[in-house]
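query.txt (compact mmCIF, N, CA and C atoms) appears below.
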```txt
# COMPACT_ATOMS: atom_id res chain seq x y z
N MET A 1 94.97 112.74 83.23
CA MET A 1 94.60 111.49 82.60
C MET A 1 93.39 110.91 83.33
N ARG A 2 92.53 110.27 82.58
CA ARG A 2 91.35 109.63 83.16
C ARG A 2 91.77 108.49 84.08
N LEU A 3 90.98 108.27 85.11
CA LEU A 3 91.27 107.23 86.10
C LEU A 3 91.33 105.85 85.47
N ASP A 4 90.34 105.49 84.64
CA ASP A 4 90.31 104.15 84.05
C ASP A 4 91.53 103.93 83.14
N LYS A 5 91.94 104.95 82.41
CA LYS A 5 93.11 104.82 81.55
C LYS A 5 94.38 104.69 82.38
N TYR A 6 94.48 105.45 83.49
CA TYR A 6 95.66 105.36 84.35
C TYR A 6 95.80 103.95 84.93
N LEU A 7 94.69 103.38 85.40
CA LEU A 7 94.74 102.04 85.98
C LEU A 7 95.19 101.00 84.95
N LYS A 8 94.82 101.20 83.69
CA LYS A 8 95.23 100.27 82.64
C LYS A 8 96.69 100.49 82.25
N VAL A 9 97.09 101.74 82.02
CA VAL A 9 98.46 102.04 81.59
C VAL A 9 99.47 101.63 82.66
N SER A 10 99.13 101.84 83.93
CA SER A 10 100.04 101.47 85.02
C SER A 10 99.99 99.97 85.32
N ARG A 11 99.08 99.26 84.66
CA ARG A 11 98.91 97.82 84.79
C ARG A 11 98.49 97.38 86.18
N ILE A 12 97.78 98.24 86.88
CA ILE A 12 97.17 97.85 88.15
C ILE A 12 95.96 96.97 87.85
N ILE A 13 95.19 97.36 86.83
CA ILE A 13 94.08 96.55 86.33
C ILE A 13 94.38 96.27 84.86
N LYS A 14 94.20 95.03 84.43
CA LYS A 14 94.67 94.61 83.11
C LYS A 14 93.91 95.23 81.94
N ARG A 15 92.59 95.42 82.09
CA ARG A 15 91.82 95.95 80.98
C ARG A 15 91.05 97.20 81.39
N ARG A 16 90.92 98.12 80.44
CA ARG A 16 90.26 99.40 80.74
C ARG A 16 88.77 99.19 81.03
N THR A 17 88.14 98.23 80.39
CA THR A 17 86.72 97.99 80.64
C THR A 17 86.49 97.51 82.08
N ILE A 18 87.42 96.69 82.58
CA ILE A 18 87.30 96.22 83.97
C ILE A 18 87.54 97.37 84.93
N ALA A 19 88.50 98.24 84.61
CA ALA A 19 88.75 99.43 85.42
C ALA A 19 87.51 100.33 85.44
N ASN A 20 86.87 100.45 84.29
CA ASN A 20 85.66 101.26 84.18
C ASN A 20 84.54 100.68 85.03
N GLU A 21 84.37 99.36 85.01
CA GLU A 21 83.33 98.70 85.79
C GLU A 21 83.60 98.84 87.29
N ALA A 22 84.87 98.74 87.70
CA ALA A 22 85.22 98.90 89.12
C ALA A 22 84.88 100.32 89.59
N CYS A 23 85.13 101.31 88.76
CA CYS A 23 84.81 102.69 89.11
C CYS A 23 83.30 102.89 89.21
N ASP A 24 82.56 102.34 88.26
CA ASP A 24 81.10 102.47 88.27
C ASP A 24 80.48 101.80 89.49
N ALA A 25 81.12 100.72 89.99
CA ALA A 25 80.60 100.01 91.15
C ALA A 25 80.98 100.70 92.47
N GLY A 26 81.77 101.77 92.39
CA GLY A 26 82.15 102.50 93.60
C GLY A 26 83.27 101.86 94.39
N ARG A 27 84.07 101.01 93.75
CA ARG A 27 85.16 100.32 94.44
C ARG A 27 86.49 101.05 94.34
N VAL A 28 86.52 102.20 93.67
CA VAL A 28 87.77 102.96 93.52
C VAL A 28 87.58 104.35 94.12
N LYS A 29 88.54 104.75 94.95
CA LYS A 29 88.49 106.06 95.59
C LYS A 29 89.77 106.83 95.28
N ILE A 30 89.63 108.12 95.07
CA ILE A 30 90.79 109.01 94.93
C ILE A 30 90.75 109.97 96.10
N ASN A 31 91.82 109.98 96.88
CA ASN A 31 91.93 110.86 98.05
C ASN A 31 90.72 110.74 98.97
N GLY A 32 90.22 109.51 99.16
CA GLY A 32 89.13 109.25 100.08
C GLY A 32 87.73 109.44 99.53
N ARG A 33 87.61 109.87 98.29
CA ARG A 33 86.29 110.08 97.68
C ARG A 33 86.06 109.06 96.58
N VAL A 34 84.85 108.52 96.51
CA VAL A 34 84.50 107.59 95.44
C VAL A 34 84.66 108.32 94.11
N ALA A 35 85.34 107.68 93.17
CA ALA A 35 85.67 108.35 91.90
C ALA A 35 85.01 107.64 90.72
N LYS A 36 84.60 108.44 89.75
CA LYS A 36 84.10 107.89 88.49
C LYS A 36 85.28 107.61 87.58
N ALA A 37 85.04 106.85 86.53
CA ALA A 37 86.10 106.48 85.59
C ALA A 37 86.68 107.71 84.89
N SER A 38 85.91 108.77 84.78
CA SER A 38 86.38 109.97 84.08
C SER A 38 87.12 110.93 85.00
N ALA A 39 87.30 110.57 86.27
CA ALA A 39 87.99 111.46 87.21
C ALA A 39 89.44 111.67 86.77
N ASP A 40 89.95 112.87 87.04
CA ASP A 40 91.30 113.23 86.64
C ASP A 40 92.32 112.76 87.68
N VAL A 41 93.38 112.08 87.22
CA VAL A 41 94.43 111.59 88.11
C VAL A 41 95.66 112.49 87.96
N LYS A 42 96.20 112.93 89.11
CA LYS A 42 97.38 113.79 89.11
C LYS A 42 98.45 113.17 90.00
N THR A 43 99.69 113.59 89.81
CA THR A 43 100.79 113.12 90.65
C THR A 43 100.53 113.51 92.10
N GLY A 44 100.74 112.57 93.00
CA GLY A 44 100.51 112.80 94.42
C GLY A 44 99.16 112.32 94.92
N ASP A 45 98.24 111.95 94.02
CA ASP A 45 96.93 111.44 94.43
C ASP A 45 97.09 110.07 95.08
N ARG A 46 96.18 109.78 96.02
CA ARG A 46 96.12 108.46 96.65
C ARG A 46 94.91 107.74 96.08
N ILE A 47 95.13 106.53 95.58
CA ILE A 47 94.05 105.73 94.99
C ILE A 47 93.86 104.48 95.84
N ASP A 48 92.62 104.24 96.28
CA ASP A 48 92.27 103.04 97.04
C ASP A 48 91.34 102.19 96.18
N ILE A 49 91.69 100.91 96.03
CA ILE A 49 90.91 100.00 95.18
C ILE A 49 90.52 98.78 95.99
N GLU A 50 89.25 98.37 95.89
CA GLU A 50 88.76 97.17 96.56
C GLU A 50 88.69 96.05 95.53
N PHE A 51 89.58 95.05 95.68
CA PHE A 51 89.57 93.86 94.83
C PHE A 51 88.96 92.73 95.63
N GLY A 52 87.67 92.52 95.53
CA GLY A 52 87.02 91.44 96.27
C GLY A 52 87.23 91.61 97.77
N ASN A 53 88.03 90.74 98.38
CA ASN A 53 88.26 90.84 99.82
C ASN A 53 89.60 91.51 100.14
N LYS A 54 90.25 92.08 99.14
CA LYS A 54 91.57 92.69 99.31
C LYS A 54 91.50 94.18 98.95
N ASN A 55 92.13 95.02 99.77
CA ASN A 55 92.19 96.45 99.49
C ASN A 55 93.61 96.84 99.12
N VAL A 56 93.75 97.66 98.10
CA VAL A 56 95.06 98.12 97.65
C VAL A 56 95.08 99.64 97.71
N SER A 57 96.13 100.20 98.32
CA SER A 57 96.31 101.65 98.37
C SER A 57 97.61 102.00 97.68
N ILE A 58 97.55 102.94 96.74
CA ILE A 58 98.74 103.37 96.03
C ILE A 58 98.80 104.88 96.00
N GLU A 59 100.00 105.40 95.78
CA GLU A 59 100.20 106.83 95.57
C GLU A 59 100.74 107.01 94.16
N VAL A 60 100.16 107.94 93.41
CA VAL A 60 100.57 108.20 92.04
C VAL A 60 101.89 108.96 92.07
N THR A 61 102.94 108.41 91.44
CA THR A 61 104.23 109.09 91.41
C THR A 61 104.49 109.77 90.08
N GLN A 62 103.88 109.25 88.99
CA GLN A 62 103.99 109.92 87.70
C GLN A 62 102.83 109.50 86.81
N VAL A 63 102.51 110.38 85.86
CA VAL A 63 101.42 110.12 84.92
C VAL A 63 101.99 110.25 83.51
N VAL A 64 101.99 109.14 82.77
CA VAL A 64 102.46 109.14 81.39
C VAL A 64 101.41 108.46 80.52
N GLU A 65 101.34 108.86 79.24
CA GLU A 65 100.32 108.34 78.34
C GLU A 65 100.51 106.86 77.99
N SER A 66 101.76 106.44 77.86
CA SER A 66 102.03 105.03 77.58
C SER A 66 103.40 104.69 78.15
N THR A 67 103.57 103.42 78.47
CA THR A 67 104.83 102.98 79.06
C THR A 67 105.06 101.51 78.77
N LYS A 68 106.30 101.10 78.89
CA LYS A 68 106.63 99.68 78.73
C LYS A 68 106.23 98.93 79.99
N LYS A 69 106.05 97.63 79.85
CA LYS A 69 105.61 96.80 80.97
C LYS A 69 106.55 96.91 82.16
N GLU A 70 107.85 96.89 81.92
CA GLU A 70 108.80 96.93 83.02
C GLU A 70 108.91 98.31 83.69
N ASP A 71 108.49 99.37 82.98
CA ASP A 71 108.52 100.72 83.55
C ASP A 71 107.21 101.11 84.23
N ALA A 72 106.17 100.29 84.11
CA ALA A 72 104.86 100.63 84.65
C ALA A 72 104.87 100.73 86.17
N LYS A 73 105.70 99.96 86.85
CA LYS A 73 105.75 99.99 88.31
C LYS A 73 106.30 101.30 88.86
N GLU A 74 106.95 102.10 88.02
CA GLU A 74 107.48 103.39 88.44
C GLU A 74 106.40 104.47 88.48
N MET A 75 105.20 104.17 87.99
CA MET A 75 104.11 105.14 87.96
C MET A 75 103.41 105.28 89.32
N TYR A 76 103.66 104.35 90.22
CA TYR A 76 102.98 104.37 91.53
C TYR A 76 103.84 103.68 92.58
N LYS A 77 103.47 103.90 93.84
CA LYS A 77 104.10 103.15 94.93
C LYS A 77 103.01 102.70 95.89
N TYR A 78 103.19 101.50 96.44
CA TYR A 78 102.22 100.95 97.39
C TYR A 78 102.34 101.66 98.73
N LEU A 79 101.21 101.85 99.39
CA LEU A 79 101.20 102.46 100.73
C LEU A 79 100.87 101.41 101.78
```

Spell out the structure here as structure tokens.
Amino acid sequence: MRLDKYLKVSRIIKRRTIANEACDAGRVKINGRVAKASADVKTGDRIDIEFGNKNVSIEVTQVVESTKKEDAKEMYKYL
């Protein structure tokens, strides 16, 4: 699954366009490398996101095409 779509489906970032802009600005890394919005996300990947003055690190636990709001938190775990 594309990185921007994963960030939206997992509800880490609310809109796909914002996820796309964050990737283009170089604020999102997968496994320590700056990632483009089209980068492929797999189970076990580590994603680091810079939100202004806050950094968030997560590990991908599952990748699904769509999910309910209450099940979205099962797609990742905070590190």

With region 35-49 of chain A as the partner and 5 Å as the cut-off, tabulate the residues of region 3-24 of chain A that qualify, each row holding the nearest pair of atoms and their distance in Å to one decimal, using all atoms listed in the file, sorted by chain and rising number, as CSV.
```
residue,atom,partner,partner_atom,distance
A:Leu3,N,A:Ala39,C,4.1
A:Asp4,N,A:Ala37,C,4.3
A:Cys23,CA,A:Ala37,N,4.9
```

Problem set entry | Atomic separation - atom N of Val60 (chain A) relative to atom N of Gly32 (chain A), Å |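 Pair atom N of Gly32 (chain A) / atom N of Val60 (chain A) returns 11.6 Å.
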
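With only C-alpha atoms as the basis for measurement, A:Thr61 is the residue among A:Asn31, A:Asn53, A:Thr17, A:Thr61 that approaches Tyr78 (chain A) most closely.
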
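Minimum atom-to-atom distances from A:Lys69, A:Met1, A:Val64, A:Glu50 to Gly26 (chain A) were compared using only C-alpha atoms, and the lowest value belongs to A:Glu50.
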
Exercise. With only C-alpha atoms as the atoms that count, which of A:Met75, A:Val34, A:Val63, A:Ile58 lies nearest to Ala22 (chain A)?
Worked result: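 Distance minimum relative to Ala22 (chain A) lands on A:Val34.
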
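For the atom pair formed by CA of Tyr6 (chain A) and atom C of Gly52 (chain A), the distance is 21.0 Å, given to one decimal.
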
For this session: Might you pull out every residue within 9 Å of Glu74 (chain A), with only C-alpha atoms counted and same-chain residues fewer than 3 positions away left off, and present them as number ranges by chain?
Result: A: 10, 61-62, 70-71, 77

Exercise. Hey, can you check how far atom N of Lys68 (chain A) sits from atom C of Arg33 (chain A)?
Worked result: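 Distance between the two atoms: 28.0 Å.
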
Problem set entry | Residue set, chain A restricted to helix (DSSP H, G or I), as number ranges by chain | A: 3-9, 16-24, 69-75

Residues of the last selection are to be written out with N, CA and C atoms, as a PDB file, in the coordinates of the input.
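out11.pdb was written with the following content:
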```
ATOM      1  N   LEU A   3      90.980 108.270  85.110  1.00  0.00           N
ATOM      2  CA  LEU A   3      91.270 107.230  86.100  1.00  0.00           C
ATOM      3  C   LEU A   3      91.330 105.850  85.470  1.00  0.00           C
ATOM      4  N   ASP A   4      90.340 105.490  84.640  1.00  0.00           N
ATOM      5  CA  ASP A   4      90.310 104.150  84.050  1.00  0.00           C
ATOM      6  C   ASP A   4      91.530 103.930  83.140  1.00  0.00           C
ATOM      7  N   LYS A   5      91.940 104.950  82.410  1.00  0.00           N
ATOM      8  CA  LYS A   5      93.110 104.820  81.550  1.00  0.00           C
ATOM      9  C   LYS A   5      94.380 104.690  82.380  1.00  0.00           C
ATOM     10  N   TYR A   6      94.480 105.450  83.490  1.00  0.00           N
ATOM     11  CA  TYR A   6      95.660 105.360  84.350  1.00  0.00           C
ATOM     12  C   TYR A   6      95.800 103.950  84.930  1.00  0.00           C
ATOM     13  N   LEU A   7      94.690 103.380  85.400  1.00  0.00           N
ATOM     14  CA  LEU A   7      94.740 102.040  85.980  1.00  0.00           C
ATOM     15  C   LEU A   7      95.190 101.000  84.950  1.00  0.00           C
ATOM     16  N   LYS A   8      94.820 101.200  83.690  1.00  0.00           N
ATOM     17  CA  LYS A   8      95.230 100.270  82.640  1.00  0.00           C
ATOM     18  C   LYS A   8      96.690 100.490  82.250  1.00  0.00           C
ATOM     19  N   VAL A   9      97.090 101.740  82.020  1.00  0.00           N
ATOM     20  CA  VAL A   9      98.460 102.040  81.590  1.00  0.00           C
ATOM     21  C   VAL A   9      99.470 101.630  82.660  1.00  0.00           C
ATOM     22  N   ARG A  16      90.920  98.120  80.440  1.00  0.00           N
ATOM     23  CA  ARG A  16      90.260  99.400  80.740  1.00  0.00           C
ATOM     24  C   ARG A  16      88.770  99.190  81.030  1.00  0.00           C
ATOM     25  N   THR A  17      88.140  98.230  80.390  1.00  0.00           N
ATOM     26  CA  THR A  17      86.720  97.990  80.640  1.00  0.00           C
ATOM     27  C   THR A  17      86.490  97.510  82.080  1.00  0.00           C
ATOM     28  N   ILE A  18      87.420  96.690  82.580  1.00  0.00           N
ATOM     29  CA  ILE A  18      87.300  96.220  83.970  1.00  0.00           C
ATOM     30  C   ILE A  18      87.540  97.370  84.930  1.00  0.00           C
ATOM     31  N   ALA A  19      88.500  98.240  84.610  1.00  0.00           N
ATOM     32  CA  ALA A  19      88.750  99.430  85.420  1.00  0.00           C
ATOM     33  C   ALA A  19      87.510 100.330  85.440  1.00  0.00           C
ATOM     34  N   ASN A  20      86.870 100.450  84.290  1.00  0.00           N
ATOM     35  CA  ASN A  20      85.660 101.260  84.180  1.00  0.00           C
ATOM     36  C   ASN A  20      84.540 100.680  85.030  1.00  0.00           C
ATOM     37  N   GLU A  21      84.370  99.360  85.010  1.00  0.00           N
ATOM     38  CA  GLU A  21      83.330  98.700  85.790  1.00  0.00           C
ATOM     39  C   GLU A  21      83.600  98.840  87.290  1.00  0.00           C
ATOM     40  N   ALA A  22      84.870  98.740  87.700  1.00  0.00           N
ATOM     41  CA  ALA A  22      85.220  98.900  89.120  1.00  0.00           C
ATOM     42  C   ALA A  22      84.880 100.320  89.590  1.00  0.00           C
ATOM     43  N   CYS A  23      85.130 101.310  88.760  1.00  0.00           N
ATOM     44  CA  CYS A  23      84.810 102.690  89.110  1.00  0.00           C
ATOM     45  C   CYS A  23      83.300 102.890  89.210  1.00  0.00           C
ATOM     46  N   ASP A  24      82.560 102.340  88.260  1.00  0.00           N
ATOM     47  CA  ASP A  24      81.100 102.470  88.270  1.00  0.00           C
ATOM     48  C   ASP A  24      80.480 101.800  89.490  1.00  0.00           C
ATOM     49  N   LYS A  69     106.050  97.630  79.850  1.00  0.00           N
ATOM     50  CA  LYS A  69     105.610  96.800  80.970  1.00  0.00           C
ATOM     51  C   LYS A  69     106.550  96.910  82.160  1.00  0.00           C
ATOM     52  N   GLU A  70     107.850  96.890  81.920  1.00  0.00           N
ATOM     53  CA  GLU A  70     108.800  96.930  83.020  1.00  0.00           C
ATOM     54  C   GLU A  70     108.910  98.310  83.690  1.00  0.00           C
ATOM     55  N   ASP A  71     108.490  99.370  82.980  1.00  0.00           N
ATOM     56  CA  ASP A  71     108.520 100.720  83.550  1.00  0.00           C
ATOM     57  C   ASP A  71     107.210 101.110  84.230  1.00  0.00           C
ATOM     58  N   ALA A  72     106.170 100.290  84.110  1.00  0.00           N
ATOM     59  CA  ALA A  72     104.860 100.630  84.650  1.00  0.00           C
ATOM     60  C   ALA A  72     104.870 100.730  86.170  1.00  0.00           C
ATOM     61  N   LYS A  73     105.700  99.960  86.850  1.00  0.00           N
ATOM     62  CA  LYS A  73     105.750  99.990  88.310  1.00  0.00           C
ATOM     63  C   LYS A  73     106.300 101.300  88.860  1.00  0.00           C
ATOM     64  N   GLU A  74     106.950 102.100  88.020  1.00  0.00           N
ATOM     65  CA  GLU A  74     107.480 103.390  88.440  1.00  0.00           C
ATOM     66  C   GLU A  74     106.400 104.470  88.480  1.00  0.00           C
ATOM     67  N   MET A  75     105.200 104.170  87.990  1.00  0.00           N
ATOM     68  CA  MET A  75     104.110 105.140  87.960  1.00  0.00           C
ATOM     69  C   MET A  75     103.410 105.280  89.320  1.00  0.00           C
TER      70      MET A  75
END
```

For this session: From a DSSP pass on the backbone, collect the residues of region 16-54 of chain A flagged as strand (DSSP E) and hand them back as a ChimeraX atom specification.
Result: /A:28-30,33-34,46-51,54

Could you save the residues just selected, with N, CA and C atoms, as a compact mmCIF listing (two decimals), keeping the file's coordinate frame?
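Writing the result to selection_32.txt gives the following:
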```txt
# COMPACT_ATOMS: atom_id res chain seq x y z
N VAL A 28 86.52 102.20 93.67
CA VAL A 28 87.77 102.96 93.52
C VAL A 28 87.58 104.35 94.12
N LYS A 29 88.54 104.75 94.95
CA LYS A 29 88.49 106.06 95.59
C LYS A 29 89.77 106.83 95.28
N ILE A 30 89.63 108.12 95.07
CA ILE A 30 90.79 109.01 94.93
C ILE A 30 90.75 109.97 96.10
N ARG A 33 87.61 109.87 98.29
CA ARG A 33 86.29 110.08 97.68
C ARG A 33 86.06 109.06 96.58
N VAL A 34 84.85 108.52 96.51
CA VAL A 34 84.50 107.59 95.44
C VAL A 34 84.66 108.32 94.11
N ARG A 46 96.18 109.78 96.02
CA ARG A 46 96.12 108.46 96.65
C ARG A 46 94.91 107.74 96.08
N ILE A 47 95.13 106.53 95.58
CA ILE A 47 94.05 105.73 94.99
C ILE A 47 93.86 104.48 95.84
N ASP A 48 92.62 104.24 96.28
CA ASP A 48 92.27 103.04 97.04
C ASP A 48 91.34 102.19 96.18
N ILE A 49 91.69 100.91 96.03
CA ILE A 49 90.91 100.00 95.18
C ILE A 49 90.52 98.78 95.99
N GLU A 50 89.25 98.37 95.89
CA GLU A 50 88.76 97.17 96.56
C GLU A 50 88.69 96.05 95.53
N PHE A 51 89.58 95.05 95.68
CA PHE A 51 89.57 93.86 94.83
C PHE A 51 88.96 92.73 95.63
N LYS A 54 90.25 92.08 99.14
CA LYS A 54 91.57 92.69 99.31
C LYS A 54 91.50 94.18 98.95
```

Would you compute, for all listed atoms of region 19-29 of chain A, the axis-aligned bounding box grown by 5 Å on each side, and then report its centre and edge lengths in Å rounded to one decimal, as lines of an AutoDock Vina configuration file?
```
center_x = 85.1
center_y = 102.5
center_z = 89.9
size_x = 19.3
size_y = 18.6
size_z = 21.4
```
